[in-house]
>>> print(open('final-v1.txt').read())   # compact mmCIF, C-alpha atoms
# COMPACT_ATOMS: atom_id res chain seq x y z
CA MET A 273 125.80 194.47 94.01
CA THR A 274 122.63 194.41 91.89
CA VAL A 275 119.36 196.25 92.41
CA GLY A 276 117.63 193.02 93.41
CA GLU A 277 120.31 192.01 95.91
CA LEU A 278 119.65 195.02 98.11
CA GLU A 279 117.45 194.33 101.12
CA ARG A 280 113.96 195.71 100.45
CA ASP A 281 113.88 198.45 103.11
CA ARG A 282 117.36 199.62 102.21
CA ARG A 283 116.42 199.62 98.52
CA ARG A 284 113.30 201.66 99.16
CA GLU A 285 115.35 204.15 101.18
CA ARG A 286 117.87 204.43 98.35
CA PHE A 287 115.04 205.14 95.88
CA ARG A 288 113.74 207.89 98.18
CA ASP A 289 117.02 209.76 98.53
CA PRO A 290 119.25 210.36 96.65
CA GLY A 291 117.69 207.96 94.12
CA MET A 292 118.62 204.46 92.96
CA CYS A 293 121.41 204.40 90.37
CA TRP A 294 122.06 201.45 88.08
CA GLN A 295 123.88 200.61 84.87
CA VAL A 296 122.13 199.64 81.62
CA GLY A 297 124.83 198.76 79.13
CA PRO A 298 126.70 202.01 78.41
CA LEU A 299 124.04 204.14 80.14
CA SER A 300 123.72 205.13 83.79
CA VAL A 301 120.29 205.77 85.27
CA ARG A 302 118.97 207.33 88.47
CA VAL A 303 115.34 207.13 89.57
CA ARG A 304 114.16 208.97 92.67
CA THR A 305 110.74 208.20 94.18
CA PRO A 306 109.23 208.23 97.68
CA SER A 307 106.71 205.59 96.58
CA PRO A 308 107.57 202.09 97.91
CA TRP A 309 105.25 200.63 95.28
CA ILE A 310 107.08 202.25 92.36
CA ALA A 311 110.42 201.27 93.93
CA ASP A 312 109.33 197.63 94.17
CA GLN A 313 108.03 197.55 90.59
CA LEU A 314 111.30 198.96 89.23
CA ALA A 315 113.30 196.56 91.41
CA PHE A 316 111.46 193.69 89.75
CA LEU A 317 112.19 194.99 86.25
CA TYR A 318 115.84 195.88 86.95
CA GLY A 319 116.71 193.37 89.69
CA PRO A 320 119.79 191.86 87.96
CA PHE A 321 121.29 195.21 86.90
CA PRO A 322 124.39 196.47 88.75
CA THR A 323 123.94 199.39 91.12
CA LEU A 324 126.12 202.49 90.98
CA ALA A 325 127.41 204.80 93.70
CA ARG A 326 124.99 207.43 94.99
CA GLU A 327 127.17 210.30 93.73
CA THR A 328 127.38 208.94 90.16
CA ILE A 329 126.82 211.49 87.40
CA VAL A 330 124.14 209.80 85.32
CA ASP A 331 122.94 209.91 81.72
CA VAL A 332 119.25 209.78 82.66
CA GLU A 333 117.59 211.06 85.85
CA LEU A 334 113.90 210.49 86.55
CA GLY A 335 111.64 211.46 89.42
CA VAL A 336 108.31 209.79 90.18
CA GLU A 337 106.18 211.70 92.71
CA PRO A 338 102.84 210.61 94.21
CA ARG A 339 99.90 212.92 93.48
CA TRP A 340 96.86 212.26 95.67
CA PRO A 341 94.64 210.34 95.17
CA GLY A 342 96.27 207.41 93.35
CA ARG A 343 98.11 209.55 90.81
CA PHE A 344 101.75 210.15 89.94
CA ALA A 345 103.85 212.82 88.26
CA ILE A 346 106.92 211.86 86.23
CA PHE A 347 109.92 214.15 85.77
CA ALA A 348 112.95 213.79 83.49
CA ASP A 349 115.94 215.92 84.51
CA GLY A 350 113.56 218.05 86.57
CA GLU A 351 111.16 218.73 83.71
CA VAL A 352 107.57 217.51 84.05
CA GLN A 353 106.69 214.79 81.54
CA TYR A 354 103.35 213.70 83.06
CA ARG A 355 101.50 215.68 85.73
CA ARG A 356 98.76 213.38 87.04
CA ILE A 357 98.76 209.87 85.65
CA PRO A 358 96.75 207.00 87.17
CA ARG A 359 98.53 204.27 89.12
CA ALA A 360 97.38 201.70 86.52
CA VAL A 361 99.65 203.19 83.83
CA ALA A 362 102.44 204.60 85.99
CA VAL A 363 104.97 201.80 85.47
CA PRO A 364 104.61 201.65 81.65
CA LEU A 365 104.97 205.44 81.47
CA VAL A 366 108.05 205.42 83.71
CA GLU A 367 109.55 202.85 81.34
CA TRP A 368 108.51 204.89 78.30
CA THR A 369 110.03 208.08 79.78
CA LEU A 370 113.25 206.24 80.56
CA ASN A 371 113.29 204.88 77.04
CA VAL A 372 112.76 208.24 75.36
CA SER A 373 115.22 210.04 77.65
CA ALA A 374 117.97 207.47 77.17
CA PHE A 375 117.84 207.30 73.40
CA GLN A 376 117.68 211.01 72.69
CA ARG A 377 121.05 211.78 74.27
CA PRO A 378 124.01 209.40 73.88
CA HIS A 379 125.31 210.81 70.60
CA GLN A 380 128.62 208.97 70.92
CA PHE A 381 126.64 206.20 69.19
CA PHE A 382 124.68 206.02 65.96
CA LEU A 383 121.19 205.17 67.26
CA LEU A 384 118.81 203.15 65.14
CA HIS A 385 115.25 202.33 66.21
CA ALA A 386 115.55 198.55 66.13
CA ALA A 387 115.62 195.42 68.22
CA VAL A 388 119.00 193.68 68.25
CA VAL A 389 119.91 190.08 69.04
CA GLU A 390 123.23 188.26 68.76
CA ILE A 391 124.42 184.73 68.17
CA ASP A 392 127.92 183.37 67.52
CA GLY A 393 129.26 186.92 67.93
CA PHE A 394 127.12 188.29 65.08
CA ALA A 395 124.24 190.73 65.54
CA ALA A 396 120.92 190.75 63.73
CA ILE A 397 119.43 194.26 63.64
CA LEU A 398 115.63 194.37 63.32
CA PRO A 399 114.46 197.91 62.42
CA ALA A 400 110.70 198.37 62.39
CA ARG A 401 107.87 200.73 63.14
CA ALA A 402 105.31 199.93 65.83
CA GLY A 403 102.99 197.05 65.02
CA GLN A 404 105.40 195.10 62.81
CA GLY A 405 106.16 192.41 65.40
CA LYS A 406 109.67 193.60 66.29
CA SER A 407 109.38 193.19 70.06
CA THR A 408 107.52 189.87 69.87
CA LEU A 409 110.13 188.42 67.53
CA CYS A 410 112.92 189.83 69.71
CA ALA A 411 111.46 188.25 72.87
CA ALA A 412 111.10 184.90 71.10
CA LEU A 413 114.70 184.94 69.84
CA ALA A 414 116.02 185.98 73.27
CA HIS A 415 114.45 182.80 74.69
CA ARG A 416 115.76 180.52 71.95
CA GLY A 417 119.51 180.94 72.31
CA TRP A 418 120.01 184.42 70.86
CA ARG A 419 121.44 187.07 73.20
CA LEU A 420 119.31 190.17 73.73
CA LEU A 421 121.22 193.36 72.98
CA SER A 422 118.20 195.64 72.92
CA ASP A 423 114.48 195.73 72.29
CA GLU A 424 114.45 199.36 71.15
CA VAL A 425 117.78 200.66 69.89
CA ALA A 426 120.82 199.54 67.95
CA ALA A 427 123.64 201.59 69.50
CA ILE A 428 126.48 201.46 66.97
CA ARG A 429 130.00 202.72 67.70
CA PRO A 430 131.23 204.89 64.83
CA GLU A 431 134.87 204.00 65.49
CA ASP A 432 134.51 200.27 64.82
CA GLY A 433 130.91 199.71 63.69
CA ARG A 434 130.11 197.27 66.50
CA VAL A 435 126.74 197.14 68.24
CA VAL A 436 126.85 198.00 71.94
CA PRO A 437 124.32 196.12 74.12
CA VAL A 438 121.61 198.08 75.91
CA PRO A 439 119.55 195.20 77.38
CA ARG A 440 116.35 196.35 79.06
CA PRO A 441 112.90 194.87 79.72
CA ILE A 442 111.03 194.07 76.49
CA SER A 443 107.65 195.78 76.20
CA LEU A 444 104.87 193.60 74.78
CA LYS A 445 101.35 194.65 73.85
CA GLU A 446 97.97 192.96 73.87
CA GLY A 447 97.97 189.48 72.30
CA SER A 448 101.78 189.30 72.17
CA ILE A 449 101.88 188.92 75.96
CA GLU A 450 100.04 185.60 76.02
CA LEU A 451 101.79 184.52 72.81
CA ILE A 452 105.22 184.81 74.44
CA ARG A 453 103.92 183.30 77.68
CA ARG A 454 102.97 180.17 75.72
CA PHE A 455 106.01 180.18 73.45
CA ALA A 456 108.57 180.67 76.24
CA PRO A 457 107.19 179.38 79.57
CA ASP A 458 110.52 180.19 81.23
CA ALA A 459 110.23 183.90 80.35
CA ARG A 460 109.80 186.18 83.34
CA ILE A 461 106.89 188.48 82.54
CA GLY A 462 105.73 191.27 84.81
CA PRO A 463 102.17 192.42 85.54
CA ILE A 464 99.82 193.32 82.72
CA TRP A 465 99.04 197.04 82.72
CA PRO A 466 95.75 197.75 80.88
CA GLY A 467 94.56 201.12 79.66
CA THR A 468 97.73 202.59 78.18
CA SER A 469 97.66 204.41 74.84
CA LYS A 470 99.00 201.16 73.33
CA GLY A 471 96.45 198.96 75.08
CA ALA A 472 97.46 196.33 77.64
CA VAL A 473 101.23 196.25 78.18
CA ALA A 474 103.57 193.87 80.02
CA HIS A 475 107.35 193.65 80.27
CA VAL A 476 109.53 190.61 79.65
CA LEU A 477 112.67 190.67 81.75
CA PRO A 478 115.91 190.30 79.79
CA PRO A 479 117.61 186.93 80.29
CA LEU A 480 120.29 187.05 82.99
CA ASP A 481 123.02 186.14 80.52
CA SER A 482 122.16 189.19 78.41
CA VAL A 483 122.48 191.51 81.42
CA ARG A 484 125.74 189.95 82.59
CA ARG A 485 127.30 190.24 79.13
CA ALA A 486 126.24 193.87 78.60
CA GLU A 487 129.85 194.93 77.98
CA GLU A 488 130.30 192.53 75.05
CA ALA A 489 129.72 194.35 71.77
CA ALA A 490 128.79 192.37 68.65
CA VAL A 491 129.65 192.54 64.95
CA PRO A 492 126.59 193.41 62.84
CA ARG A 493 125.92 190.74 60.22
CA TRP A 494 122.26 191.07 59.22
CA ILE A 495 119.71 193.87 58.86
CA VAL A 496 116.28 192.28 58.84
CA PHE A 497 113.13 194.39 58.41
CA PRO A 498 110.38 192.32 60.12
CA ARG A 499 106.78 192.48 59.00
CA TRP A 500 104.20 190.38 60.83
CA ALA A 501 100.92 189.36 59.21
CA PRO A 502 98.42 186.71 60.37
CA ASP A 503 99.10 183.30 58.81
CA ALA A 504 101.90 184.67 56.64
CA VAL A 505 104.38 182.14 55.27
CA PRO A 506 107.87 183.15 56.43
CA SER A 507 109.93 184.71 53.66
CA LEU A 508 113.34 186.35 53.53
CA ASP A 509 113.66 188.62 50.51
CA PRO A 510 116.95 190.43 49.80
CA VAL A 511 116.82 194.23 49.98
CA PRO A 512 119.19 196.32 47.83
CA LYS A 513 121.74 198.07 50.03
CA ALA A 514 120.83 201.57 48.85
CA ARG A 515 117.19 200.96 49.80
CA ALA A 516 118.21 199.43 53.13
CA ALA A 517 120.33 202.48 53.90
CA MET A 518 117.43 204.84 53.22
CA ARG A 519 115.09 202.81 55.41
CA CYS A 520 117.63 202.70 58.24
CA ALA A 521 118.18 206.46 58.00
CA ASP A 522 114.42 206.91 58.29
CA ASN A 523 114.45 204.78 61.46
CA ALA A 524 117.50 206.46 63.05
CA PHE A 525 117.19 208.66 66.13
CA ASN A 526 120.23 210.87 65.46
CA TYR A 527 121.29 210.45 61.83
CA SER A 528 121.07 214.18 61.10
CA VAL A 529 122.61 215.15 64.46
CA LEU A 530 125.79 213.19 63.75
CA GLY A 531 126.23 214.68 60.27
CA ARG A 532 129.10 213.13 58.32
CA SER A 533 129.85 210.63 61.10
CA GLY A 534 126.24 209.44 60.96
CA PHE A 535 126.36 209.03 57.18
CA GLU A 536 129.64 207.12 57.28
CA THR A 537 128.53 204.89 60.15
CA LEU A 538 125.29 204.03 58.38
CA ALA A 539 127.05 203.41 55.05
CA ASN A 540 129.60 201.10 56.70
CA LEU A 541 126.85 199.27 58.61
CA VAL A 542 124.81 198.53 55.51
CA ASP A 543 127.90 197.62 53.50
CA ARG A 544 128.95 194.91 55.97
CA CYS A 545 125.45 193.42 56.46
CA GLU A 546 123.15 191.19 54.48
CA CYS A 547 119.80 192.98 54.23
CA PHE A 548 116.37 191.36 54.05
CA ASP A 549 112.66 191.96 54.25
CA PHE A 550 111.24 189.32 56.56
CA GLY A 551 107.56 188.45 56.51
CA TYR A 552 106.25 186.03 59.12
CA GLY A 553 103.10 184.87 60.83
CA GLY A 554 104.12 182.24 63.40
CA LEU A 555 107.09 182.33 65.77
CA ASP A 556 108.27 178.75 65.26
CA ASP A 557 108.45 179.19 61.49
CA ALA A 558 110.06 182.61 61.91
CA LEU A 559 112.82 181.28 64.14
CA HIS A 560 113.47 178.35 61.81
CA CYS A 561 113.85 180.80 58.94
CA LEU A 562 116.28 183.02 60.86
CA GLU A 563 118.28 179.98 61.94
CA GLY A 564 118.95 179.52 58.25
CA LEU A 565 120.86 182.81 58.26
CA ARG A 566 122.92 181.57 61.18
CA ARG A 567 123.75 178.29 59.47
CA ALA A 568 124.73 180.09 56.26
CA ALA A 569 127.06 182.39 58.22
CA ARG A 570 128.92 179.38 59.61
CA THR A 571 129.75 177.99 56.16
>>> encode(input="final-v1.txt", output="structure tokens")
Amino acid sequence: MTVGELERDRRRERFRDPGMCWQVGPLSVRVRTPSPWIADQLAFLYGPFPTLARETIVDVELGVEPRWPGRFAIFADGEVQYRRIPRAVAVPLVEWTLNVSAFQRPHQFFLLHAAVVEIDGFAAILPARAGQGKSTLCAALAHRGWRLLSDEVAAIRPEDGRVVPVPRPISLKEGSIELIRRFAPDARIGPIWPGTSKGAVAHVLPPLDSVRRAEEAAVPRWIVFPRWAPDAVPSLDPVPKARAAMRCADNAFNYSVLGRSGFETLANLVDRCECFDFGYGGLDDALHCLEGLRRAART
């Protein structure tokens, strides 16, 4: 049973008490809210994700409580994250809280702030700071034959170095929303939420195949540091492995927490991957350039 397959009234009741539980790759989530509107919005975003039993012990537990008039409070594991946020930004902030909560805790993985896509069994890891075009490029690839593993985190198993999928809705900002709408007309994009700290935000639903294959880990093959600039000619420039390792460590969520295991996992990851700086301006040219990596890997 998936979240979306539940009949609406039953689903809303489940969200009220004890909370709706679902699986996101290796993570289990529970969200409790008495608000039918919040329940319906989350059901849209997570419709194809498998539900879990009510009594499941979860990795992340959120509460979203109405605060009159037209305001909400958001809790993570009982702790207040936002006290009185407007309805217009409630859904993006629920997603942001879920994102932050999920990726601060599962230390059985080495966690790198990066989008991840896969093709032919090989993963391309795209580490980047905000504003570098990571999510836009990720959404484009996910709708051109690459499997979405994650928009936000590369979860790498220390024991074998494989990337574990954590497919979730892809968050797009401002002009990227309409760009992806034009580039991938089949993409399912939710409402536009204006007025967040990042401007207007909308979420692209992960392709169904990515959700259904969430248990299939991938072998990392490329580390690509994307850098978007208007009208830039696409270019892939090799990055020395020592420099790539330092940049990945700077983008990791838990490198210092894992200690020696974190160092060894990162060293093994960089050693097995080809590493590049990737400048791009247009999506069609960018995808053509990245397809070159795929073709080279087949030879």
>>> closest_atom_pairs(input="final-v1.txt", of="segment 385-470 of chain A", to="segment 550-554 of chain A", cutoff="10 Å", atoms="all atoms listed in the file", output="CSV")
residue,atom,partner,partner_atom,distance
A:Leu398,CA,A:Phe550,CA,9.5
A:Gln404,CA,A:Gly551,CA,9.4
A:Gly405,CA,A:Tyr552,CA,9.0
A:Leu409,CA,A:Gly554,CA,9.6
A:Leu451,CA,A:Gly554,CA,10.0
>>> residues_around(input="final-v1.txt", residues="Ala426 of chain A", least_positions_apart="6", cutoff="12 Å", atoms="all atoms listed in the file", output="PyMOL selection string")
chain A and resi 297+375+378+381-390+395-400+420+433-439+489-492+495+520+523-526+538+541
>>> write_last_selection(input="final-v1.txt", atoms="C-alpha atoms", output="mmCIF file, keeping the file's coordinate frame")
data_model
loop_
_atom_site.group_PDB
_atom_site.id
_atom_site.type_symbol
_atom_site.label_atom_id
_atom_site.label_comp_id
_atom_site.auth_asym_id
_atom_site.auth_seq_id
_atom_site.Cartn_x
_atom_site.Cartn_y
_atom_site.Cartn_z
ATOM 1 C CA GLY A 297 124.830 198.760 79.130
ATOM 2 C CA PHE A 375 117.840 207.300 73.400
ATOM 3 C CA PRO A 378 124.010 209.400 73.880
ATOM 4 C CA PHE A 381 126.640 206.200 69.190
ATOM 5 C CA PHE A 382 124.680 206.020 65.960
ATOM 6 C CA LEU A 383 121.190 205.170 67.260
ATOM 7 C CA LEU A 384 118.810 203.150 65.140
ATOM 8 C CA HIS A 385 115.250 202.330 66.210
ATOM 9 C CA ALA A 386 115.550 198.550 66.130
ATOM 10 C CA ALA A 387 115.620 195.420 68.220
ATOM 11 C CA VAL A 388 119.000 193.680 68.250
ATOM 12 C CA VAL A 389 119.910 190.080 69.040
ATOM 13 C CA GLU A 390 123.230 188.260 68.760
ATOM 14 C CA ALA A 395 124.240 190.730 65.540
ATOM 15 C CA ALA A 396 120.920 190.750 63.730
ATOM 16 C CA ILE A 397 119.430 194.260 63.640
ATOM 17 C CA LEU A 398 115.630 194.370 63.320
ATOM 18 C CA PRO A 399 114.460 197.910 62.420
ATOM 19 C CA ALA A 400 110.700 198.370 62.390
ATOM 20 C CA LEU A 420 119.310 190.170 73.730
ATOM 21 C CA GLY A 433 130.910 199.710 63.690
ATOM 22 C CA ARG A 434 130.110 197.270 66.500
ATOM 23 C CA VAL A 435 126.740 197.140 68.240
ATOM 24 C CA VAL A 436 126.850 198.000 71.940
ATOM 25 C CA PRO A 437 124.320 196.120 74.120
ATOM 26 C CA VAL A 438 121.610 198.080 75.910
ATOM 27 C CA PRO A 439 119.550 195.200 77.380
ATOM 28 C CA ALA A 489 129.720 194.350 71.770
ATOM 29 C CA ALA A 490 128.790 192.370 68.650
ATOM 30 C CA VAL A 491 129.650 192.540 64.950
ATOM 31 C CA PRO A 492 126.590 193.410 62.840
ATOM 32 C CA ILE A 495 119.710 193.870 58.860
ATOM 33 C CA CYS A 520 117.630 202.700 58.240
ATOM 34 C CA ASN A 523 114.450 204.780 61.460
ATOM 35 C CA ALA A 524 117.500 206.460 63.050
ATOM 36 C CA PHE A 525 117.190 208.660 66.130
ATOM 37 C CA ASN A 526 120.230 210.870 65.460
ATOM 38 C CA LEU A 538 125.290 204.030 58.380
ATOM 39 C CA LEU A 541 126.850 199.270 58.610
#
>>> atom_distance(input="final-v1.txt", atom1="atom CA of Ile428 of chain A", atom2="atom CA of Thr537 of chain A")
7.9 Å
>>> closest_atom_pairs(input="final-v1.txt", of="segment 407-487 of chain A", to="segment 499-510 of chain A", cutoff="12 Å", atoms="all atoms listed in the file", output="CSV")
residue,atom,partner,partner_atom,distance
A:Ser407,CA,A:Trp500,CA,11.0
A:Thr408,CA,A:Trp500,CA,9.6
A:Leu409,CA,A:Trp500,CA,9.2
A:Ser448,CA,A:Trp500,CA,11.6
>>> residues_around(input="final-v1.txt", residues="segment 275-280 of chain A", least_positions_apart="6", cutoff="7 Å", atoms="all atoms listed in the file", output="list in words")
Ala315, Tyr318, Gly319, Pro320, Phe321, Pro322 and Thr323 of chain A
>>> decode(input="final-v1.txt", residues="segment 517-534 of chain A", atoms="N, CA and C atoms", output="mmCIF file, in the first residue's frame")
data_model
loop_
_atom_site.group_PDB
_atom_site.id
_atom_site.type_symbol
_atom_site.label_atom_id
_atom_site.label_comp_id
_atom_site.auth_asym_id
_atom_site.auth_seq_id
_atom_site.Cartn_x
_atom_site.Cartn_y
_atom_site.Cartn_z
ATOM 1 N N ALA A 517 38.715 15.351 -2.992
ATOM 2 C CA ALA A 517 38.467 14.829 -1.650
ATOM 3 C C ALA A 517 38.251 15.963 -0.652
ATOM 4 N N MET A 518 39.049 17.007 -0.740
ATOM 5 C CA MET A 518 38.884 18.139 0.162
ATOM 6 C C MET A 518 37.535 18.828 -0.050
ATOM 7 N N ARG A 519 37.138 18.969 -1.292
ATOM 8 C CA ARG A 519 35.866 19.633 -1.576
ATOM 9 C C ARG A 519 34.694 18.774 -1.114
ATOM 10 N N CYS A 520 34.798 17.454 -1.274
ATOM 11 C CA CYS A 520 33.739 16.575 -0.781
ATOM 12 C C CYS A 520 33.665 16.602 0.750
ATOM 13 N N ALA A 521 34.812 16.605 1.397
ATOM 14 C CA ALA A 521 34.811 16.679 2.863
ATOM 15 C C ALA A 521 34.138 17.955 3.340
ATOM 16 N N ASP A 522 34.353 19.036 2.601
ATOM 17 C CA ASP A 522 33.734 20.319 2.953
ATOM 18 C C ASP A 522 32.227 20.289 2.760
ATOM 19 N N ASN A 523 31.743 19.411 1.867
ATOM 20 C CA ASN A 523 30.315 19.302 1.593
ATOM 21 C C ASN A 523 29.638 18.175 2.374
ATOM 22 N N ALA A 524 30.399 17.437 3.191
ATOM 23 C CA ALA A 524 29.836 16.298 3.903
ATOM 24 C C ALA A 524 29.082 16.751 5.154
ATOM 25 N N PHE A 525 28.008 16.014 5.468
ATOM 26 C CA PHE A 525 27.243 16.297 6.684
ATOM 27 C C PHE A 525 27.913 15.712 7.928
ATOM 28 N N ASN A 526 28.566 14.568 7.802
ATOM 29 C CA ASN A 526 29.014 13.849 9.004
ATOM 30 C C ASN A 526 30.433 13.311 8.883
ATOM 31 N N TYR A 527 31.267 13.977 8.106
ATOM 32 C CA TYR A 527 32.649 13.514 7.916
ATOM 33 C C TYR A 527 33.387 13.418 9.255
ATOM 34 N N SER A 528 33.285 14.461 10.067
ATOM 35 C CA SER A 528 34.003 14.457 11.346
ATOM 36 C C SER A 528 33.355 13.512 12.355
ATOM 37 N N VAL A 529 32.038 13.329 12.269
ATOM 38 C CA VAL A 529 31.342 12.431 13.195
ATOM 39 C C VAL A 529 31.815 10.996 13.018
ATOM 40 N N LEU A 530 32.029 10.581 11.773
ATOM 41 C CA LEU A 530 32.391 9.193 11.493
ATOM 42 C C LEU A 530 33.866 8.897 11.752
ATOM 43 N N GLY A 531 34.685 9.939 11.901
ATOM 44 C CA GLY A 531 36.092 9.727 12.219
ATOM 45 C C GLY A 531 36.820 8.939 11.141
ATOM 46 N N ARG A 532 37.525 7.889 11.550
ATOM 47 C CA ARG A 532 38.335 7.112 10.602
ATOM 48 C C ARG A 532 37.477 6.498 9.507
ATOM 49 N N SER A 533 36.285 6.006 9.876
ATOM 50 C CA SER A 533 35.387 5.423 8.877
ATOM 51 C C SER A 533 35.020 6.457 7.818
ATOM 52 N N GLY A 534 34.770 7.704 8.245
ATOM 53 C CA GLY A 534 34.451 8.756 7.297
ATOM 54 C C GLY A 534 35.603 9.042 6.356
#
